[in-house]
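J.: Take this structure, written in structure tokens, and hold onto it; I'll ask about it next.
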Amino acid sequence: MSKQDLTNLPSAGDAPPAAWQAYSKGLTEAGPAGSEPARTEPKDVWVFVEQHGGKVANVSWELMGKARELADQLECKIGAIVLGHKVDSVVAMASANGADLVYLIDDPVVAAYRSKPYAHAIVNLANKFKPEVILVGATSLGRDLASIVATELDTGLTADCTGLDIDPETKNLRQTRPAFGGNIMATIVCPNRRPQMSTVRPGVMAKPKKLEAHDTRVIREPLGLTEERVAAKVIELLKEQDESVNLADAEIIVSGGRGTGGADGFKPLYELAEVLGGMVGCSRACVDAGWMPVSRQVGQTGTTVRPKIYFACGISGAIQHLAGMQSSDVIVAINRDPNAPIFKVADYGIVGDLFQVVPALTKIFRERLGRNGAGAGISAAEIKKDFLGEVPPGVPAKSADAKTSGEEARPQ
Ligand SMILES: Cc1cc2nc3c(=O)[nH]c(=O)nc-3n(C[C@H](O)[C@H](O)[C@H](O)COP(=O)(O)OP(=O)(O)OC[C@H]3O[C@@H](n4cnc5c(N)ncnc54)[C@H](O)[C@@H]3O)c2cc1C
């Protein structure tokens, strides 16, 4: 990575150039009357890199992968926004994940997240460098930040996108997301304002392949805001109580639905997850019933997951649940109703009682792996092999309705 600081540029805290006001509308006022006003020249696709004490949220790198596709279509560069204090390692990671430019504000005031200084930093960077697109992870921090930045920049924001691409004719960003309770997919454009802003949930986009050597230009900017001007103070940072629940990054998830019948019904699912080195998730029905915490909910209003293998046990397959797990590499559905919609997206379907099937699977994997609770490292391919090779007697190997080609069956 080559580092290069820009000099003689106005600081982010300076009054923005006159052109910025037109920028946020995406149009100059210069066009002759009656003609299409000429566009200013917003450029580049930016990704906000969310970091906490130097640890970066995976969704930021997932967005970097999507940003590369968009930038290739727009023939522009990828810019990473890095805010924090002593975050050189984050800059290096941004470079390794494909950033052509890193906009770095290194200041103790932005060491920990607070809405005002973070929004101030991004608004000033955007006004000065005029990105075409800003992508932000739909984490709790990202949701807070993106909405403030979009309001300050007087531009549009599409939250919780599941698809992003460029309209080949207009070059506008097409932002696709579920609407009306997940019953339709809406594609939203923001033709008259810049930048175009989207949030995307963790796990929706694929991470880019890391680049070994990438030529990245680092643009250091001052924050232009002192601690005295920030009303909110960070007294102490408390770790999340259930820090172990990070479904978005899990490679194997064993999820339960209302078919588990209650909190106790999750016991066999925990045992299977333990043997496989996976995590336990659930449908919203189980959260609503108070059986499981919301941190384990998968779906449209829960976490979006993309594991290598997803076991859906006693889950019917409502569209809102599918919205959060249909990008899983391999889906295994266990349901006693052969007509359950989950079988339409499953790669492997087992029609049966989860209280028989799940312990039987646990037994098989325990024997195959020769260990208990140390399953990390098992591949989806191994699991597929085990499924196809050895299904316990009395358990139907596959539902007649189950699709063997998940790609064909999954809703788009
Ligand atoms: C705006 C909105 C957002 C939503 N967001 C989400 C979300 O993020 N995530 C989510 O999951 N849902 C969400 N929902 C709820 C969703 O619509 C469904 O109600 C929910 O997913 C159903 O959960 P379920 O599949 O566990 O339960 P059910 O639909 O009741 O299905 C239970 C299944 O278990 C099977 N079963 C029963 N007993 C057994 C057994 N012993 N062995 C095997 N199978 C058995 C049954 O055949 C059935 O198919 C949302 C709804 C709305 C309106």
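Ordering of the structure tokens sets the chain letters (A, B, ...), residue numbers begin anew at 1 in every chain, and ligands are numbered from 1 in the order given.
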For the contact check between stretch 220-325 of chain A and stretch 350-367 of chain A, emit one row per residue of stretch 220-325 of chain A within 7 Å, containing the shortest atom pair and the distance in Å rounded to one decimal, counting only C-alpha atoms, chain then rising number order, as JSON lines.

T.:
{"residue": "A:Pro268", "atom": "CA", "partner": "A:Pro359", "partner_atom": "CA", "distance": 6.1}
{"residue": "A:Leu269", "atom": "CA", "partner": "A:Val358", "partner_atom": "CA", "distance": 6.8}
{"residue": "A:Glu271", "atom": "CA", "partner": "A:Thr362", "partner_atom": "CA", "distance": 6.9}
{"residue": "A:Leu272", "atom": "CA", "partner": "A:Thr362", "partner_atom": "CA", "distance": 4.9}
{"residue": "A:Val275", "atom": "CA", "partner": "A:Arg366", "partner_atom": "CA", "distance": 6.2}
{"residue": "A:Cys313", "atom": "CA", "partner": "A:Leu354", "partner_atom": "CA", "distance": 6.2}
{"residue": "A:Gly314", "atom": "CA", "partner": "A:Leu354", "partner_atom": "CA", "distance": 6.6}

J.: Deliver the residues from the most recent selection as a file, using N, CA and C atoms, as a PDB file, in the first residue's frame.

T.:
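Dumped everything to part-v9.pdb:
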ATOM      1  N   PRO A 268     -32.226 -29.848  21.938  1.00  0.00           N
ATOM      2  CA  PRO A 268     -31.544 -30.664  20.915  1.00  0.00           C
ATOM      3  C   PRO A 268     -30.857 -29.826  19.833  1.00  0.00           C
ATOM      4  N   LEU A 269     -31.363 -28.616  19.584  1.00  0.00           N
ATOM      5  CA  LEU A 269     -30.735 -27.753  18.573  1.00  0.00           C
ATOM      6  C   LEU A 269     -29.377 -27.249  19.078  1.00  0.00           C
ATOM      7  N   GLU A 271     -27.515 -28.851  21.101  1.00  0.00           N
ATOM      8  CA  GLU A 271     -26.589 -29.997  21.080  1.00  0.00           C
ATOM      9  C   GLU A 271     -26.024 -30.202  19.675  1.00  0.00           C
ATOM     10  N   LEU A 272     -26.893 -30.101  18.664  1.00  0.00           N
ATOM     11  CA  LEU A 272     -26.411 -30.252  17.283  1.00  0.00           C
ATOM     12  C   LEU A 272     -25.427 -29.130  16.947  1.00  0.00           C
ATOM     13  N   VAL A 275     -22.000 -29.752  18.500  1.00  0.00           N
ATOM     14  CA  VAL A 275     -21.203 -30.783  17.814  1.00  0.00           C
ATOM     15  C   VAL A 275     -20.618 -30.235  16.508  1.00  0.00           C
ATOM     16  N   CYS A 313     -35.267 -25.875  11.605  1.00  0.00           N
ATOM     17  CA  CYS A 313     -35.956 -26.962  12.307  1.00  0.00           C
ATOM     18  C   CYS A 313     -37.301 -26.465  12.832  1.00  0.00           C
ATOM     19  N   GLY A 314     -38.376 -26.990  12.303  1.00  0.00           N
ATOM     20  CA  GLY A 314     -39.699 -26.567  12.758  1.00  0.00           C
ATOM     21  C   GLY A 314     -39.983 -25.120  12.412  1.00  0.00           C
TER      22      GLY A 314
END

J.: Can you tell me which residues surround A:Pro307 at a distance of at most 10 Å, considering only C-alpha atoms, apart from same-chain residues fewer than 3 positions away, and format the answer as a ChimeraX atom specification?

T.: /A:203,247-253,278,304,310-311,325-331,380

J.: Can you measure atom CA of A:Gly317 to atom CA of A:Gly257 for me? One decimal in Å is fine.

T.: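 It comes out at 9.3 Å.
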
J.: Just want the residues within 8 Å of ligand 1, written as a ChimeraX atom specification, counting only C-alpha atoms and all ligand atoms.

T.: /A:180-182,256-261,282-286,297-303,313-324,334-338,340-342,351-355

J.: With only C-alpha atoms as the atoms that count, which of A:Ala312, A:Val87, A:Cys76, A:Val234 lies nearest to A:Val56?

T.: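 Going through A:Ala312, A:Val87, A:Cys76, A:Val234 one by one, the smallest distance to A:Val56 is for A:Val87.
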
J.: Kindly give the distance, in Å, that separates atom CA of A:Lys344 and atom CA of A:Pro178, rounded to a single decimal.

T.: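 Atom CA of A:Pro178 lies at a distance of 19.2 Å from atom CA of A:Lys344.
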
J.: What parts of stretch 106-246 of chain A does DSSP call strand (DSSP E or B)? I'd like the answer as number ranges by chain.

T.: A: 106, 131-137, 157-161, 163-166, 173-179, 184-188, 196-200, 217-220

J.: So which residues touch A:Pro208 within 10 Å, counting only C-alpha atoms, skipping near sequence neighbours fewer than 2 positions away, as a ChimeraX atom specification?

T.: /A:61-68,96-98,205-206,210-211

J.: Tell me which of A:Pro117, A:Gly54, A:Gly156, A:Pro293 sits closest to A:Val91, counting only C-alpha atoms.

T.: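 Going through A:Pro117, A:Gly54, A:Gly156, A:Pro293 one by one, the smallest distance to A:Val91 is for A:Gly54.
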
J.: At what distance in Å, to one decimal, does atom CA of A:Leu70 lie from atom CA of A:Val45?

T.: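 A separation of 7.3 Å between them.
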
J.: When you look at A:Gln175 with a cut-off of 10 Å (counting only C-alpha atoms), what residues show up, excluding the ones that are within fewer than 5 positions of it in the same chain? I need them as a short mmCIF file (atom, residue, chain, number, x, y, z; two decimals) with N, CA and C atoms, in the first residue's frame.

T.:
data_model
loop_
_atom_site.label_atom_id
_atom_site.label_comp_id
_atom_site.auth_asym_id
_atom_site.auth_seq_id
_atom_site.Cartn_x
_atom_site.Cartn_y
_atom_site.Cartn_z
N LEU A 157 -32.12 8.31 1.33
CA LEU A 157 -31.47 7.16 1.97
C LEU A 157 -32.42 5.97 1.85
N THR A 158 -31.92 4.88 1.30
CA THR A 158 -32.73 3.65 1.25
C THR A 158 -32.15 2.68 2.28
N ALA A 159 -32.99 2.31 3.24
CA ALA A 159 -32.51 1.47 4.34
C ALA A 159 -32.71 0.00 4.02
N ASP A 160 -31.82 -0.81 4.58
CA ASP A 160 -31.95 -2.27 4.52
C ASP A 160 -32.04 -2.83 3.10
N CYS A 161 -31.16 -2.36 2.24
CA CYS A 161 -31.18 -2.86 0.86
C CYS A 161 -30.71 -4.31 0.81
N THR A 162 -31.31 -5.07 -0.08
CA THR A 162 -30.82 -6.45 -0.28
C THR A 162 -30.16 -6.58 -1.65
N GLY A 163 -30.31 -5.57 -2.49
CA GLY A 163 -29.67 -5.60 -3.80
C GLY A 163 -29.30 -4.20 -4.23
N LEU A 164 -28.13 -4.05 -4.86
CA LEU A 164 -27.69 -2.74 -5.36
C LEU A 164 -27.08 -2.96 -6.73
N ASP A 165 -27.50 -2.16 -7.70
CA ASP A 165 -26.80 -2.18 -8.98
C ASP A 165 -27.00 -0.84 -9.68
N ILE A 166 -26.34 -0.70 -10.81
CA ILE A 166 -26.37 0.57 -11.52
C ILE A 166 -27.27 0.44 -12.73
N ALA A 186 -39.08 -3.83 -3.66
CA ALA A 186 -39.18 -2.52 -4.31
C ALA A 186 -37.79 -2.07 -4.74
N THR A 187 -37.70 -1.50 -5.92
CA THR A 187 -36.43 -0.93 -6.37
C THR A 187 -36.56 0.58 -6.37
N ILE A 188 -35.67 1.22 -5.62
CA ILE A 188 -35.78 2.65 -5.34
C ILE A 188 -34.60 3.37 -5.97
N VAL A 189 -34.86 4.51 -6.62
CA VAL A 189 -33.76 5.32 -7.15
C VAL A 189 -33.84 6.73 -6.56
N CYS A 190 -32.72 7.39 -6.58
CA CYS A 190 -32.62 8.74 -6.04
C CYS A 190 -32.01 9.61 -7.14
N GLN A 196 -26.12 9.31 -3.40
CA GLN A 196 -27.16 8.31 -3.20
C GLN A 196 -26.70 7.47 -2.01
N MET A 197 -27.59 7.30 -1.04
CA MET A 197 -27.16 6.62 0.19
C MET A 197 -27.99 5.37 0.46
N SER A 198 -27.31 4.31 0.84
CA SER A 198 -28.00 3.05 1.17
C SER A 198 -27.40 2.45 2.42
N THR A 199 -28.25 1.80 3.20
CA THR A 199 -27.72 0.91 4.24
C THR A 199 -28.04 -0.53 3.83
N VAL A 200 -27.13 -1.42 4.21
CA VAL A 200 -27.27 -2.83 3.86
C VAL A 200 -26.97 -3.64 5.12
#

J.: Identify which of the residues A:Ala57, A:Ile219, A:Val110, A:Ala179 lies closest to A:Met93, counting only C-alpha atoms when measuring atom-to-atom distances.

T.: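 Between A:Ala57, A:Ile219, A:Val110, A:Ala179, the residue approaching A:Met93 most closely is A:Ala57.
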
J.: Going by DSSP on the backbone, which bits of stretch 236-358 of chain A are helix (DSSP H, G or I)? Write them as a PyMOL selection string, please.

T.: chain A and resi 247-249+258-260+263-276+284-288+294-296+319-322+342-345+354-358

J.: Let me see the file: selected residues, N, CA and C atoms, as a tab-separated table (two decimals), in the first residue's frame.

T.:
chain	number	residue	atom	x	y	z
A	247	LEU	N	-24.62	-13.97	14.87
A	247	LEU	CA	-25.14	-14.85	13.83
A	247	LEU	C	-24.65	-14.47	12.45
A	248	ALA	N	-24.45	-13.17	12.24
A	248	ALA	CA	-24.10	-12.70	10.89
A	248	ALA	C	-22.80	-13.34	10.41
A	249	ASP	N	-21.91	-13.67	11.32
A	249	ASP	CA	-20.62	-14.23	10.90
A	249	ASP	C	-20.55	-15.74	11.04
A	258	ARG	N	-41.36	-22.22	15.64
A	258	ARG	CA	-42.44	-22.52	16.59
A	258	ARG	C	-42.59	-24.03	16.82
A	259	GLY	N	-42.12	-24.81	15.84
A	259	GLY	CA	-42.19	-26.27	15.97
A	259	GLY	C	-41.40	-26.82	17.14
A	260	THR	N	-40.50	-26.02	17.71
A	260	THR	CA	-39.75	-26.48	18.89
A	260	THR	C	-40.67	-26.55	20.11
A	263	ALA	N	-38.99	-22.89	24.88
A	263	ALA	CA	-37.54	-22.70	25.10
A	263	ALA	C	-36.85	-24.05	25.30
A	264	ASP	N	-37.49	-24.97	26.00
A	264	ASP	CA	-36.88	-26.28	26.24
A	264	ASP	C	-36.68	-27.06	24.94
A	265	GLY	N	-37.53	-26.79	23.99
A	265	GLY	CA	-37.46	-27.49	22.71
A	265	GLY	C	-36.20	-27.15	21.93
A	266	PHE	N	-35.48	-26.13	22.35
A	266	PHE	CA	-34.24	-25.75	21.67
A	266	PHE	C	-33.04	-26.59	22.11
A	267	LYS	N	-33.24	-27.39	23.20
A	267	LYS	CA	-32.12	-28.15	23.75
A	267	LYS	C	-31.44	-29.04	22.68
A	268	PRO	N	-32.23	-29.85	21.94
A	268	PRO	CA	-31.54	-30.66	20.92
A	268	PRO	C	-30.86	-29.83	19.83
A	269	LEU	N	-31.36	-28.62	19.58
A	269	LEU	CA	-30.74	-27.75	18.57
A	269	LEU	C	-29.38	-27.25	19.08
A	270	TYR	N	-29.32	-26.92	20.37
A	270	TYR	CA	-28.05	-26.49	20.96
A	270	TYR	C	-27.03	-27.63	20.89
A	271	GLU	N	-27.52	-28.85	21.10
A	271	GLU	CA	-26.59	-30.00	21.08
A	271	GLU	C	-26.02	-30.20	19.67
A	272	LEU	N	-26.89	-30.10	18.66
A	272	LEU	CA	-26.41	-30.25	17.28
A	272	LEU	C	-25.43	-29.13	16.95
A	273	ALA	N	-25.79	-27.90	17.33
A	273	ALA	CA	-24.91	-26.75	17.04
A	273	ALA	C	-23.56	-26.94	17.72
A	274	GLU	N	-23.56	-27.48	18.91
A	274	GLU	CA	-22.32	-27.65	19.64
A	274	GLU	C	-21.40	-28.66	18.95
A	275	VAL	N	-22.00	-29.75	18.50
A	275	VAL	CA	-21.20	-30.78	17.81
A	275	VAL	C	-20.62	-30.23	16.51
A	276	LEU	N	-21.38	-29.40	15.82
A	276	LEU	CA	-20.94	-28.86	14.54
A	276	LEU	C	-20.10	-27.59	14.68
A	284	ARG	N	-38.88	-15.47	14.26
A	284	ARG	CA	-39.45	-14.41	15.09
A	284	ARG	C	-40.54	-14.93	16.02
A	285	ALA	N	-41.23	-15.97	15.57
A	285	ALA	CA	-42.31	-16.52	16.40
A	285	ALA	C	-41.76	-16.89	17.78
A	286	CYS	N	-40.53	-17.39	17.81
A	286	CYS	CA	-39.94	-17.83	19.09
A	286	CYS	C	-39.53	-16.63	19.94
A	287	VAL	N	-39.15	-15.54	19.29
A	287	VAL	CA	-38.81	-14.32	20.03
A	287	VAL	C	-40.08	-13.69	20.59
A	288	ASP	N	-41.10	-13.63	19.74
A	288	ASP	CA	-42.37	-13.04	20.18
A	288	ASP	C	-42.95	-13.81	21.36
A	294	VAL	N	-33.94	-11.69	21.11
A	294	VAL	CA	-34.00	-11.12	19.76
A	294	VAL	C	-32.65	-11.21	19.05
A	295	SER	N	-31.56	-11.29	19.82
A	295	SER	CA	-30.23	-11.39	19.20
A	295	SER	C	-30.09	-12.67	18.38
A	296	ARG	N	-30.99	-13.63	18.57
A	296	ARG	CA	-30.91	-14.89	17.82
A	296	ARG	C	-31.93	-14.93	16.67
A	319	ILE	N	-42.07	-15.64	4.30
A	319	ILE	CA	-41.21	-14.81	3.45
A	319	ILE	C	-40.27	-13.92	4.28
A	320	GLN	N	-40.76	-13.47	5.44
A	320	GLN	CA	-39.92	-12.61	6.28
A	320	GLN	C	-38.75	-13.39	6.87
A	321	HIS	N	-38.95	-14.67	7.09
A	321	HIS	CA	-37.82	-15.48	7.57
A	321	HIS	C	-36.85	-15.75	6.42
A	322	LEU	N	-37.41	-16.09	5.26
A	322	LEU	CA	-36.56	-16.38	4.10
A	322	LEU	C	-35.68	-15.18	3.75
A	342	ILE	N	-40.88	-23.85	3.47
A	342	ILE	CA	-39.43	-23.88	3.64
A	342	ILE	C	-38.78	-24.88	2.67
A	343	PHE	N	-39.54	-25.94	2.31
A	343	PHE	CA	-38.98	-26.95	1.41
A	343	PHE	C	-38.73	-26.39	0.00
A	344	LYS	N	-39.41	-25.28	-0.31
A	344	LYS	CA	-39.22	-24.70	-1.65
A	344	LYS	C	-37.84	-24.05	-1.79
A	345	VAL	N	-37.25	-23.67	-0.68
A	345	VAL	CA	-35.91	-23.05	-0.76
A	345	VAL	C	-34.81	-23.99	-0.25
A	354	LEU	N	-38.89	-32.98	14.42
A	354	LEU	CA	-37.54	-32.47	14.73
A	354	LEU	C	-36.97	-33.12	15.98
A	355	PHE	N	-37.85	-33.55	16.89
A	355	PHE	CA	-37.35	-34.14	18.14
A	355	PHE	C	-36.78	-35.56	17.92
A	356	GLN	N	-37.09	-36.13	16.75
A	356	GLN	CA	-36.44	-37.39	16.37
A	356	GLN	C	-35.25	-37.11	15.46
A	357	VAL	N	-35.48	-36.24	14.49
A	357	VAL	CA	-34.47	-36.04	13.44
A	357	VAL	C	-33.22	-35.35	13.99
A	358	VAL	N	-33.41	-34.27	14.77
A	358	VAL	CA	-32.25	-33.49	15.21
A	358	VAL	C	-31.31	-34.33	16.10

J.: From the options A:Asn246, A:Thr216, A:Thr139, A:Gln73, which residue's atoms come nearest to A:Ala92, counting only C-alpha atoms?

T.: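 Among the listed residues, the smallest separation from A:Ala92 belongs to A:Thr216.
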